[in-house]
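Text of the file target.tsv, holding TSV, C-alpha atoms:
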chain	number	residue	atom	x	y	z
A	13	MET	CA	18.76	6.10	7.49
A	14	ILE	CA	17.95	2.40	7.69
A	15	THR	CA	19.15	-0.51	5.57
A	16	ILE	CA	16.79	-3.49	5.34
A	17	SER	CA	18.44	-6.81	4.58
A	18	ILE	CA	15.46	-9.11	5.11
A	19	ASP	CA	14.80	-11.36	2.12
A	20	PRO	CA	11.13	-10.95	1.09
A	21	ILE	CA	11.13	-14.68	0.28
A	22	ILE	CA	11.14	-16.80	3.44
A	23	PHE	CA	11.89	-20.11	1.67
A	24	HIS	CA	11.15	-22.07	-1.48
A	25	ILE	CA	9.23	-25.30	-1.93
A	26	GLY	CA	10.31	-26.30	-5.43
A	27	HIS	CA	9.32	-23.40	-7.66
A	28	PHE	CA	6.81	-22.12	-5.09
A	29	ALA	CA	8.00	-19.35	-2.78
A	30	ILE	CA	6.68	-18.50	0.68
A	31	ARG	CA	6.85	-14.72	0.99
A	32	TRP	CA	6.56	-12.30	3.89
A	33	TYR	CA	4.14	-10.26	1.81
A	34	SER	CA	1.59	-13.06	1.64
A	35	LEU	CA	1.89	-14.07	5.29
A	36	ILE	CA	1.55	-10.52	6.61
A	37	LEU	CA	-1.35	-9.81	4.26
A	38	ILE	CA	-3.15	-12.90	5.56
A	39	ALA	CA	-2.46	-11.83	9.15
A	40	ALA	CA	-3.82	-8.34	8.42
A	41	ILE	CA	-6.99	-9.77	6.90
A	42	LEU	CA	-7.57	-12.14	9.82
A	43	VAL	CA	-7.11	-9.38	12.39
A	44	GLY	CA	-9.47	-7.12	10.46
A	45	ILE	CA	-12.15	-9.81	10.21
A	46	TRP	CA	-11.84	-10.73	13.87
A	47	LEU	CA	-12.20	-7.13	15.02
A	48	THR	CA	-15.07	-6.49	12.60
A	49	ALA	CA	-16.94	-9.55	13.85
A	50	ARG	CA	-16.48	-8.40	17.42
A	51	GLU	CA	-17.77	-4.92	16.65
A	52	ALA	CA	-20.62	-6.28	14.51
A	53	GLU	CA	-21.82	-8.44	17.41
A	54	ARG	CA	-21.80	-5.39	19.68
A	55	LYS	CA	-23.94	-3.59	17.12
A	56	GLY	CA	-26.54	-6.33	17.01
A	57	PHE	CA	-25.37	-8.59	14.20
A	58	ASN	CA	-24.92	-12.33	14.57
A	59	LYS	CA	-21.16	-12.80	14.73
A	60	ASP	CA	-21.40	-16.25	13.13
A	61	ASP	CA	-22.93	-14.64	10.04
A	62	ILE	CA	-20.09	-12.17	9.68
A	63	TYR	CA	-17.30	-14.67	9.06
A	64	PRO	CA	-18.72	-16.28	5.88
A	65	ALA	CA	-19.75	-12.86	4.57
A	66	ALA	CA	-16.24	-11.56	5.24
A	67	GLN	CA	-14.78	-14.20	2.94
A	68	TRP	CA	-16.64	-12.76	-0.05
A	69	ILE	CA	-15.87	-9.19	0.98
A	70	VAL	CA	-12.16	-10.04	1.16
A	71	ILE	CA	-12.29	-11.68	-2.27
A	72	GLY	CA	-14.01	-8.60	-3.69
A	73	GLY	CA	-11.41	-6.39	-2.03
A	74	LEU	CA	-8.47	-8.38	-3.39
A	75	ILE	CA	-9.89	-8.37	-6.91
A	76	GLY	CA	-10.46	-4.62	-6.76
A	77	ALA	CA	-7.03	-3.98	-5.25
A	78	ARG	CA	-5.24	-5.97	-7.93
A	79	LEU	CA	-7.31	-4.50	-10.75
A	80	PHE	CA	-6.58	-0.90	-9.70
A	81	HIS	CA	-2.86	-1.67	-9.35
A	82	VAL	CA	-2.61	-3.39	-12.73
A	83	LEU	CA	-4.45	-0.55	-14.50
A	84	ASP	CA	-2.21	2.03	-12.84
A	85	HIS	CA	1.00	0.17	-13.76
A	86	TRP	CA	-0.09	-1.38	-17.05
A	87	PRO	CA	2.14	0.53	-19.50
A	88	HIS	CA	5.47	-0.13	-17.81
A	89	GLU	CA	4.89	-3.38	-15.89
A	90	TYR	CA	2.19	-5.53	-17.45
A	91	ALA	CA	1.65	-4.56	-21.09
A	92	ALA	CA	4.62	-6.60	-22.28
A	93	ASN	CA	3.67	-9.65	-20.20
A	94	PRO	CA	-0.05	-9.50	-19.25
A	95	ILE	CA	0.03	-12.87	-17.45
A	96	ARG	CA	1.97	-11.14	-14.66
A	97	ALA	CA	-1.25	-9.39	-13.71
A	98	LEU	CA	-2.25	-12.68	-12.07
A	99	TYR	CA	0.95	-12.93	-10.00
A	100	ILE	CA	-0.57	-11.42	-6.88
A	101	TRP	CA	2.07	-13.07	-4.69
A	102	GLU	CA	4.66	-10.69	-6.15
A	103	GLY	CA	2.91	-7.81	-4.41
A	104	GLY	CA	1.07	-4.90	-5.95
A	105	LEU	CA	-2.32	-4.13	-4.42
A	106	ALA	CA	-3.93	-0.70	-4.69
A	107	ILE	CA	-5.68	0.09	-1.43
A	108	TRP	CA	-8.35	2.27	-3.05
A	109	GLY	CA	-9.23	-0.62	-5.33
A	110	GLY	CA	-9.43	-2.93	-2.33
A	111	LEU	CA	-11.73	-0.49	-0.56
A	112	PHE	CA	-13.97	-0.12	-3.61
A	113	GLY	CA	-14.14	-3.86	-4.28
A	114	GLY	CA	-14.84	-4.65	-0.63
A	115	LEU	CA	-17.57	-2.00	-0.43
A	116	LEU	CA	-19.26	-3.35	-3.53
A	117	ALA	CA	-19.18	-6.92	-2.26
A	118	GLY	CA	-20.34	-5.83	1.20
A	119	ALA	CA	-23.25	-3.83	-0.24
A	120	LEU	CA	-24.42	-6.82	-2.28
A	121	ILE	CA	-24.23	-9.15	0.72
A	122	ALA	CA	-25.99	-6.65	2.99
A	123	ARG	CA	-28.81	-6.30	0.49
A	124	GLN	CA	-29.12	-10.07	0.10
A	125	ARG	CA	-29.28	-10.60	3.87
A	126	ALA	CA	-31.34	-7.49	4.65
A	127	TRP	CA	-28.57	-6.03	6.82
A	128	ARG	CA	-28.26	-2.34	7.55
A	129	PHE	CA	-25.22	-1.61	5.43
A	130	PRO	CA	-24.19	1.70	7.08
A	131	ARG	CA	-24.17	-0.05	10.47
A	132	LEU	CA	-22.05	-2.85	9.04
A	133	LEU	CA	-19.61	-0.25	7.69
A	134	ASP	CA	-19.30	1.28	11.15
A	135	ALA	CA	-18.50	-2.15	12.58
A	136	ALA	CA	-15.85	-2.69	9.92
A	137	ALA	CA	-14.11	0.72	10.07
A	138	PRO	CA	-11.72	0.13	13.03
A	139	GLY	CA	-10.75	-3.35	11.82
A	140	LEU	CA	-10.27	-2.09	8.29
A	141	VAL	CA	-7.80	0.65	9.13
A	142	LEU	CA	-5.95	-1.61	11.57
A	143	ALA	CA	-5.61	-4.22	8.82
A	144	GLN	CA	-4.31	-1.51	6.49
A	145	ALA	CA	-1.67	-0.58	9.07
A	146	ILE	CA	-0.55	-4.20	9.49
A	147	GLY	CA	-0.46	-4.66	5.73
A	148	ARG	CA	2.07	-1.86	5.40
A	149	ILE	CA	4.54	-3.97	7.38
A	150	ALA	CA	4.61	-6.25	4.32
A	151	CYS	CA	5.46	-3.26	2.12
A	152	ILE	CA	8.28	-2.24	4.44
A	153	ILE	CA	9.85	-5.71	4.31
A	154	THR	CA	9.48	-6.17	0.55
A	155	GLY	CA	10.22	-2.60	-0.53
A	156	ASP	CA	6.80	-2.27	-2.18
A	157	ALA	CA	5.28	1.23	-2.57
A	158	MET	CA	8.42	3.02	-1.43
A	159	GLY	CA	8.60	6.74	-2.18
A	160	LYS	CA	11.12	8.82	-4.06
A	161	PRO	CA	14.89	8.54	-3.49
A	162	THR	CA	16.02	10.65	-0.55
A	163	ASN	CA	19.22	11.97	0.97
A	164	GLY	CA	17.73	12.00	4.43
A	165	PRO	CA	17.18	12.45	7.20
A	166	PHE	CA	15.05	9.29	7.06
A	167	GLY	CA	15.01	6.63	4.36
A	168	PHE	CA	15.06	2.88	3.72
A	169	ALA	CA	17.54	1.07	1.49
A	170	TYR	CA	17.44	-2.61	0.54
A	171	THR	CA	20.10	-5.22	-0.05
A	172	SER	CA	18.09	-8.30	-1.08
A	173	SER	CA	17.81	-8.97	-4.80
A	174	ASN	CA	14.18	-9.98	-4.19
A	175	ALA	CA	13.22	-6.53	-2.89
A	176	MET	CA	10.77	-4.59	-5.06
A	177	VAL	CA	12.63	-1.27	-5.05
A	178	PRO	CA	13.97	0.05	-8.40
A	179	GLN	CA	17.61	-0.02	-7.23
A	180	LEU	CA	19.38	-1.73	-4.35
A	181	GLY	CA	21.46	0.36	-1.96
A	182	VAL	CA	19.51	3.56	-2.69
A	183	TYR	CA	17.60	5.21	0.15
A	184	TYR	CA	13.92	5.78	-0.54
A	185	THR	CA	11.31	7.82	1.31
A	186	PRO	CA	9.55	5.21	3.51
A	187	MET	CA	5.96	6.07	2.61
A	188	PRO	CA	4.60	2.71	3.89
A	189	PHE	CA	6.13	3.42	7.30
A	190	TYR	CA	4.52	6.86	7.44
A	191	GLU	CA	1.19	5.35	6.43
A	192	LEU	CA	1.50	2.63	9.06
A	193	VAL	CA	1.93	5.28	11.77
A	194	VAL	CA	-0.94	7.45	10.51
A	195	ASN	CA	-3.25	4.44	10.14
A	196	LEU	CA	-2.58	3.48	13.74
A	197	GLY	CA	-3.50	7.04	14.69
A	198	ILE	CA	-6.77	6.80	12.73
A	199	PHE	CA	-7.48	3.47	14.41
A	200	ALA	CA	-7.01	5.08	17.83
A	201	VAL	CA	-9.47	7.86	16.89
A	202	LEU	CA	-12.09	5.42	15.61
A	203	TRP	CA	-11.67	3.14	18.61
A	204	GLU	CA	-12.32	6.07	20.92
A	205	MET	CA	-15.38	7.19	18.92
A	206	ARG	CA	-16.95	3.82	18.21
A	207	LYS	CA	-19.31	3.77	21.21
A	208	ARG	CA	-20.78	7.20	20.60
A	209	ASN	CA	-24.50	7.28	19.93
A	210	TRP	CA	-24.02	8.31	16.32
A	211	SER	CA	-26.31	7.59	13.40
A	212	ASP	CA	-25.37	4.55	11.33
A	213	GLY	CA	-22.57	5.15	8.85
A	214	ARG	CA	-21.07	8.18	10.56
A	215	LEU	CA	-18.04	6.36	12.00
A	216	PHE	CA	-17.17	4.95	8.59
A	217	LEU	CA	-17.40	8.42	7.07
A	218	VAL	CA	-14.95	9.71	9.69
A	219	TYR	CA	-12.60	6.93	8.60
A	220	LEU	CA	-13.11	7.79	4.94
A	221	THR	CA	-12.35	11.50	5.37
A	222	LEU	CA	-9.31	10.96	7.59
A	223	TYR	CA	-7.91	8.21	5.39
A	224	SER	CA	-8.48	10.30	2.25
A	225	LEU	CA	-6.54	13.20	3.75
A	226	GLU	CA	-3.71	10.87	4.68
A	227	ARG	CA	-3.49	9.30	1.24
A	228	PHE	CA	-3.60	12.63	-0.56
A	229	PHE	CA	-0.72	14.22	1.33
A	230	LEU	CA	1.46	11.12	1.70
A	231	ALA	CA	1.22	10.48	-2.03
A	232	PHE	CA	3.39	13.56	-2.58
A	233	THR	CA	6.28	11.51	-1.17
A	234	SER	CA	5.50	8.53	-3.39
A	235	SER	CA	6.88	7.51	-6.74
A	236	TYR	CA	3.43	6.69	-8.11
A	237	ARG	CA	2.73	7.55	-11.73
A	238	VAL	CA	1.06	10.91	-12.33
A	239	ILE	CA	-2.07	10.38	-14.43
A	240	ALA	CA	-3.88	13.76	-14.54
A	241	PHE	CA	-3.61	17.33	-13.22
A	242	GLY	CA	-0.22	16.55	-11.71
A	243	LEU	CA	-1.85	14.00	-9.40
A	244	THR	CA	-1.56	10.24	-8.97
A	245	GLN	CA	-4.41	7.74	-9.09
A	246	SER	CA	-4.27	7.55	-5.30
A	247	GLN	CA	-4.60	11.32	-4.90
A	248	ILE	CA	-7.53	11.56	-7.30
A	249	MET	CA	-9.33	8.79	-5.43
A	250	ALA	CA	-8.48	10.53	-2.15
A	251	ILE	CA	-10.09	13.77	-3.37
A	252	ILE	CA	-13.23	11.84	-4.32
A	253	GLY	CA	-13.23	9.99	-0.99
A	254	PHE	CA	-12.80	13.18	1.01
A	255	ALA	CA	-15.53	14.98	-0.93
A	256	VAL	CA	-18.01	12.13	-0.51
A	257	GLY	CA	-17.17	11.68	3.18
A	258	SER	CA	-17.36	15.39	3.98
A	259	VAL	CA	-20.67	15.94	2.19
A	260	LEU	CA	-22.32	12.91	3.77
A	261	LEU	CA	-21.02	13.85	7.23
A	262	THR	CA	-22.55	17.30	6.79
A	263	PHE	CA	-26.02	16.01	5.93
A	264	LEU	CA	-26.15	12.78	7.93
A	265	PRO	CA	-27.93	13.20	11.29
A	266	ARG	CA	-25.42	13.10	14.12
A	267	ARG	CA	-27.45	11.17	16.66
A	268	LEU	CA	-29.09	7.77	16.39
A	269	ARG	CA	-32.84	8.27	16.38
A	270	ALA	CA	-33.92	4.76	17.22
A	271	PRO	CA	-32.52	1.94	19.38
A	272	MET	CA	-30.35	-0.63	17.65
A	273	ALA	CA	-32.09	-3.60	16.08
A	274	ARG	CA	-30.34	-6.85	15.37
A	275	GLY	CA	-29.00	-7.19	11.84
Would you write the structure of this file as structure tokens?
Amino acid sequence: MITISIDPIIFHIGHFAIRWYSLILIAAILVGIWLTAREAERKGFNKDDIYPAAQWIVIGGLIGARLFHVLDHWPHEYAANPIRALYIWEGGLAIWGGLFGGLLAGALIARQRAWRFPRLLDAAAPGLVLAQAIGRIACIITGDAMGKPTNGPFGFAYTSSNAMVPQLGVYYTPMPFYELVVNLGIFAVLWEMRKRNWSDGRLFLVYLTLYSLERFFLAFTSSYRVIAFGLTQSQIMAIIGFAVGSVLLTFLPRRLRAPMARG
């Protein structure tokens, strides 16, 4: 059992607070973009075109992540004070929403620039899951997305009044830590597979199926609100993600039929 005494707020500048959550989230995004640009260049894209496109994809992802979180927590967190939905610095980003928003923005940009979107997704997959792993460090420090209370053998308790857990001094199942470990495992798998001569989009579908499995089973340890069929929003999205990934993997040709062309 571990007690975390780190204050989620690093320091204040007047009424403005510098938080670990924001800094780690920015670091995760930068690492993800850097790795995606590197992989995109290897796949024939112009790396200098990736960085400005990534800015819009990140914005789309953040909007989607916040929207999904607010909708999921609206009755008990935001209905009484809707303006808090804009307080993104307090934490609260739904990863499925971020994935959906980023995919939508990426698809629009790829269409505008005549890029092969499935190939771009393959370039982004390793960086995406690595960024997700890094982002969970922010959750561990702030107490965001912790699971149900636990008596052991492994749990996190918090002492800072700025932590996001329901009650200080209570040990919670450390779901973000488990997800960090599994995400690193998925990254290792994708990194090993990335140079295979697969058809475009296949690597991303491997990510989608593995990540969906992870989210479905880890959500049983979470304290997320059940919305239907005894399942949380995350689990329902995971079922959809796994179904889509599995079906497309089944019908998508395994091997690349033509040499790579520059995007």
Pull the closest atom pair for each residue of stretch 78-136 of chain A that gets at most 12 Å from stretch 223-237 of chain A, along with the distance in Å to one decimal, counting all atoms listed in the file, ordering rows by chain and then ascending residue number, as a tab-separated table.
residue	atom	partner	partner_atom	distance
A:His81	CA	A:Tyr236	CA	10.5
A:Leu83	CA	A:Arg237	CA	11.2
A:Asp84	CA	A:Arg237	CA	7.5
A:His85	CA	A:Arg237	CA	7.8
A:Trp86	CA	A:Arg237	CA	10.8
A:Pro87	CA	A:Arg237	CA	10.5
A:His88	CA	A:Arg237	CA	10.2
A:Glu89	CA	A:Arg237	CA	11.9
A:Ala106	CA	A:Tyr236	CA	11.0
A:Ile107	CA	A:Arg227	CA	9.8
A:Trp108	CA	A:Arg227	CA	9.6
A:Leu111	CA	A:Tyr223	CA	11.2
Q. In Å, how far is it from atom CA of A:Ala137 to atom CA of A:Ile69?
A. 13.6 Å
Q: Would you mind listing what lies within 8 Å of A:Ser172 as a ChimeraX atom specification, with only C-alpha atoms counted and same-chain residues fewer than 2 positions away left out?
A: /A:17-20,170,174-175,180
Q. Which residues come within 10 Å of A:Gly139, counting all atoms listed in the file, excluding same-chain residues fewer than 6 positions away, as a list in words?
A.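 Everything that qualifies: Ala40, Ile41, Leu42, Val43, Gly44, Ile45, Trp46, Leu47, Thr48, Ala49, Arg50, Glu51, Ala145, Phe199, Leu202 and Trp203 of chain A.
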Q. Atom CA of A:Thr185 to atom CA of A:Gly167: how many Å, to one decimal?
A. 4.9 Å
Q: Could you give me, as a list of chain:residue names, the residues within 7 Å of stretch 210-216 of chain A, counting all atoms listed in the file and dropping anything in the same chain fewer than 2 positions from it?
A: A:Pro130, A:Arg131, A:Leu133, A:Asp134, A:Ala137, A:Arg206, A:Arg208, A:Val218, A:Tyr219, A:Leu220, A:Leu261, A:Pro265, A:Arg266, A:Arg267, A:Leu268
(Q) If we count all atoms listed in the file and set the cut-off at 9 Å, which residues sit around A:Cys151, ignoring sequence neighbours fewer than 4 positions away in its own chain? Please answer as a list of chain:residue names. (A) A:Tyr33, A:Gly103, A:Gly147, A:Gly155, A:Asp156, A:Ala157, A:Met158, A:Pro188, A:Phe189
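When all atoms listed in the file are used to measure the gap to A:Val177, the shortest distance among A:Ile198, A:Ile16, A:Gln247, A:Pro94 belongs to A:Ile16.
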Determine, counting only C-alpha atoms, which protein, DNA and RNA residues have an atom within 10 Å of an atom of A:Arg125; residues of the same chain fewer than 5 positions away are not included. Present the result as a short mmCIF file (atom, residue, chain, number, x, y, z; two decimals) with C-alpha atoms, in the frame of the given file.
data_model
loop_
_atom_site.label_atom_id
_atom_site.label_comp_id
_atom_site.auth_asym_id
_atom_site.auth_seq_id
_atom_site.Cartn_x
_atom_site.Cartn_y
_atom_site.Cartn_z
CA ASP A 61 -22.93 -14.64 10.04
CA ALA A 65 -19.75 -12.86 4.57
CA ALA A 119 -23.25 -3.83 -0.24
CA LEU A 120 -24.42 -6.82 -2.28
CA GLY A 275 -29.00 -7.19 11.84
#
(Q) Could you check the closest approach to A:Val194 for each of A:Gln245, A:Thr171, A:Gln124, A:Gln144 and tell me which residue wins, using all atoms listed in the file? (A)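 Going through A:Gln245, A:Thr171, A:Gln124, A:Gln144 one by one, the smallest distance to A:Val194 is for A:Gln144.
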Q) atom CA of A:Thr154 and atom CA of A:Leu115 are how many Å apart? A) 27.4 Å
Q: Measuring atom to atom with all atoms listed in the file, identify which of A:Gly114, A:Pro186, A:Gly109, A:Pro165 is nearest to A:Met249.
A: A:Gly109
Q: Can you work out which one of A:Tyr99, A:Leu142, A:Val256, A:Phe263 has the shortest atom-to-atom distance to A:Val201, counting all atoms listed in the file?
A: A:Leu142
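With only C-alpha atoms as the atoms that count, the minimum distance from A:Met176 to the choices A:Tyr90, A:Ile153, A:Arg128, A:Asp60 is reached by A:Ile153.
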**Q.** Nearest-residue call for A:Leu37, choices A:Gly72, A:Gly104, A:Pro161, A:Gly242, using all atoms listed in the file
**A.**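 Selected residue with least distance to A:Leu37: A:Gly104.
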Please return stretch 202-230 of chain A, rebuilt to N, CA and C atoms, as a PDB file, in the frame of the given file.
ATOM      1  N   LEU A 202     -10.850   6.169  15.814  1.00  0.00           N
ATOM      2  CA  LEU A 202     -12.090   5.420  15.610  1.00  0.00           C
ATOM      3  C   LEU A 202     -12.435   4.566  16.821  1.00  0.00           C
ATOM      4  N   TRP A 203     -11.424   3.977  17.442  1.00  0.00           N
ATOM      5  CA  TRP A 203     -11.670   3.140  18.610  1.00  0.00           C
ATOM      6  C   TRP A 203     -12.239   3.956  19.758  1.00  0.00           C
ATOM      7  N   GLU A 204     -11.806   5.189  19.871  1.00  0.00           N
ATOM      8  CA  GLU A 204     -12.320   6.070  20.920  1.00  0.00           C
ATOM      9  C   GLU A 204     -13.747   6.504  20.598  1.00  0.00           C
ATOM     10  N   MET A 205     -14.069   6.658  19.332  1.00  0.00           N
ATOM     11  CA  MET A 205     -15.380   7.190  18.920  1.00  0.00           C
ATOM     12  C   MET A 205     -16.443   6.115  18.733  1.00  0.00           C
ATOM     13  N   ARG A 206     -16.054   4.858  18.688  1.00  0.00           N
ATOM     14  CA  ARG A 206     -16.950   3.820  18.210  1.00  0.00           C
ATOM     15  C   ARG A 206     -18.198   3.618  19.064  1.00  0.00           C
ATOM     16  N   LYS A 207     -18.163   3.988  20.334  1.00  0.00           N
ATOM     17  CA  LYS A 207     -19.310   3.770  21.210  1.00  0.00           C
ATOM     18  C   LYS A 207     -20.202   4.998  21.346  1.00  0.00           C
ATOM     19  N   ARG A 208     -19.913   6.026  20.570  1.00  0.00           N
ATOM     20  CA  ARG A 208     -20.780   7.200  20.600  1.00  0.00           C
ATOM     21  C   ARG A 208     -22.134   6.871  19.967  1.00  0.00           C
ATOM     22  N   ASN A 209     -23.146   7.545  20.408  1.00  0.00           N
ATOM     23  CA  ASN A 209     -24.500   7.280  19.930  1.00  0.00           C
ATOM     24  C   ASN A 209     -24.746   8.015  18.607  1.00  0.00           C
ATOM     25  N   TRP A 210     -23.930   7.676  17.619  1.00  0.00           N
ATOM     26  CA  TRP A 210     -24.020   8.310  16.320  1.00  0.00           C
ATOM     27  C   TRP A 210     -24.979   7.555  15.413  1.00  0.00           C
ATOM     28  N   SER A 211     -25.484   8.251  14.409  1.00  0.00           N
ATOM     29  CA  SER A 211     -26.310   7.590  13.400  1.00  0.00           C
ATOM     30  C   SER A 211     -25.442   6.627  12.595  1.00  0.00           C
ATOM     31  N   ASP A 212     -26.081   5.590  12.058  1.00  0.00           N
ATOM     32  CA  ASP A 212     -25.370   4.550  11.330  1.00  0.00           C
ATOM     33  C   ASP A 212     -24.616   5.146  10.133  1.00  0.00           C
ATOM     34  N   GLY A 213     -23.399   4.722   9.971  1.00  0.00           N
ATOM     35  CA  GLY A 213     -22.570   5.150   8.850  1.00  0.00           C
ATOM     36  C   GLY A 213     -21.633   6.290   9.167  1.00  0.00           C
ATOM     37  N   ARG A 214     -21.872   6.997  10.263  1.00  0.00           N
ATOM     38  CA  ARG A 214     -21.070   8.180  10.560  1.00  0.00           C
ATOM     39  C   ARG A 214     -19.615   7.819  10.901  1.00  0.00           C
ATOM     40  N   LEU A 215     -19.408   6.741  11.640  1.00  0.00           N
ATOM     41  CA  LEU A 215     -18.040   6.360  12.000  1.00  0.00           C
ATOM     42  C   LEU A 215     -17.248   5.995  10.757  1.00  0.00           C
ATOM     43  N   PHE A 216     -17.869   5.303   9.830  1.00  0.00           N
ATOM     44  CA  PHE A 216     -17.170   4.950   8.590  1.00  0.00           C
ATOM     45  C   PHE A 216     -16.811   6.195   7.802  1.00  0.00           C
ATOM     46  N   LEU A 217     -17.687   7.188   7.793  1.00  0.00           N
ATOM     47  CA  LEU A 217     -17.400   8.420   7.070  1.00  0.00           C
ATOM     48  C   LEU A 217     -16.246   9.187   7.704  1.00  0.00           C
ATOM     49  N   VAL A 218     -16.119   9.118   9.026  1.00  0.00           N
ATOM     50  CA  VAL A 218     -14.950   9.710   9.690  1.00  0.00           C
ATOM     51  C   VAL A 218     -13.688   9.005   9.206  1.00  0.00           C
ATOM     52  N   TYR A 219     -13.737   7.679   9.141  1.00  0.00           N
ATOM     53  CA  TYR A 219     -12.600   6.930   8.600  1.00  0.00           C
ATOM     54  C   TYR A 219     -12.291   7.365   7.180  1.00  0.00           C
ATOM     55  N   LEU A 220     -13.322   7.468   6.341  1.00  0.00           N
ATOM     56  CA  LEU A 220     -13.110   7.790   4.940  1.00  0.00           C
ATOM     57  C   LEU A 220     -12.462   9.166   4.760  1.00  0.00           C
ATOM     58  N   THR A 221     -12.920  10.159   5.506  1.00  0.00           N
ATOM     59  CA  THR A 221     -12.350  11.500   5.370  1.00  0.00           C
ATOM     60  C   THR A 221     -10.914  11.555   5.882  1.00  0.00           C
ATOM     61  N   LEU A 222     -10.660  10.946   7.043  1.00  0.00           N
ATOM     62  CA  LEU A 222      -9.310  10.960   7.590  1.00  0.00           C
ATOM     63  C   LEU A 222      -8.342  10.171   6.698  1.00  0.00           C
ATOM     64  N   TYR A 223      -8.778   9.027   6.232  1.00  0.00           N
ATOM     65  CA  TYR A 223      -7.910   8.210   5.390  1.00  0.00           C
ATOM     66  C   TYR A 223      -7.642   8.896   4.056  1.00  0.00           C
ATOM     67  N   SER A 224      -8.658   9.581   3.509  1.00  0.00           N
ATOM     68  CA  SER A 224      -8.480  10.300   2.250  1.00  0.00           C
ATOM     69  C   SER A 224      -7.454  11.415   2.399  1.00  0.00           C
ATOM     70  N   LEU A 225      -7.521  12.153   3.500  1.00  0.00           N
ATOM     71  CA  LEU A 225      -6.540  13.200   3.750  1.00  0.00           C
ATOM     72  C   LEU A 225      -5.133  12.618   3.829  1.00  0.00           C
ATOM     73  N   GLU A 226      -5.018  11.514   4.551  1.00  0.00           N
ATOM     74  CA  GLU A 226      -3.710  10.870   4.680  1.00  0.00           C
ATOM     75  C   GLU A 226      -3.149  10.461   3.332  1.00  0.00           C
ATOM     76  N   ARG A 227      -3.965   9.796   2.528  1.00  0.00           N
ATOM     77  CA  ARG A 227      -3.490   9.300   1.240  1.00  0.00           C
ATOM     78  C   ARG A 227      -3.125  10.436   0.293  1.00  0.00           C
ATOM     79  N   PHE A 228      -3.888  11.518   0.344  1.00  0.00           N
ATOM     80  CA  PHE A 228      -3.600  12.630  -0.560  1.00  0.00           C
ATOM     81  C   PHE A 228      -2.232  13.233  -0.260  1.00  0.00           C
ATOM     82  N   PHE A 229      -1.963  13.528   0.995  1.00  0.00           N
ATOM     83  CA  PHE A 229      -0.720  14.220   1.330  1.00  0.00           C
ATOM     84  C   PHE A 229       0.487  13.283   1.299  1.00  0.00           C
ATOM     85  N   LEU A 230       0.333  12.043   1.740  1.00  0.00           N
ATOM     86  CA  LEU A 230       1.460  11.120   1.700  1.00  0.00           C
ATOM     87  C   LEU A 230       1.860  10.766   0.278  1.00  0.00           C
TER      88      LEU A 230
END
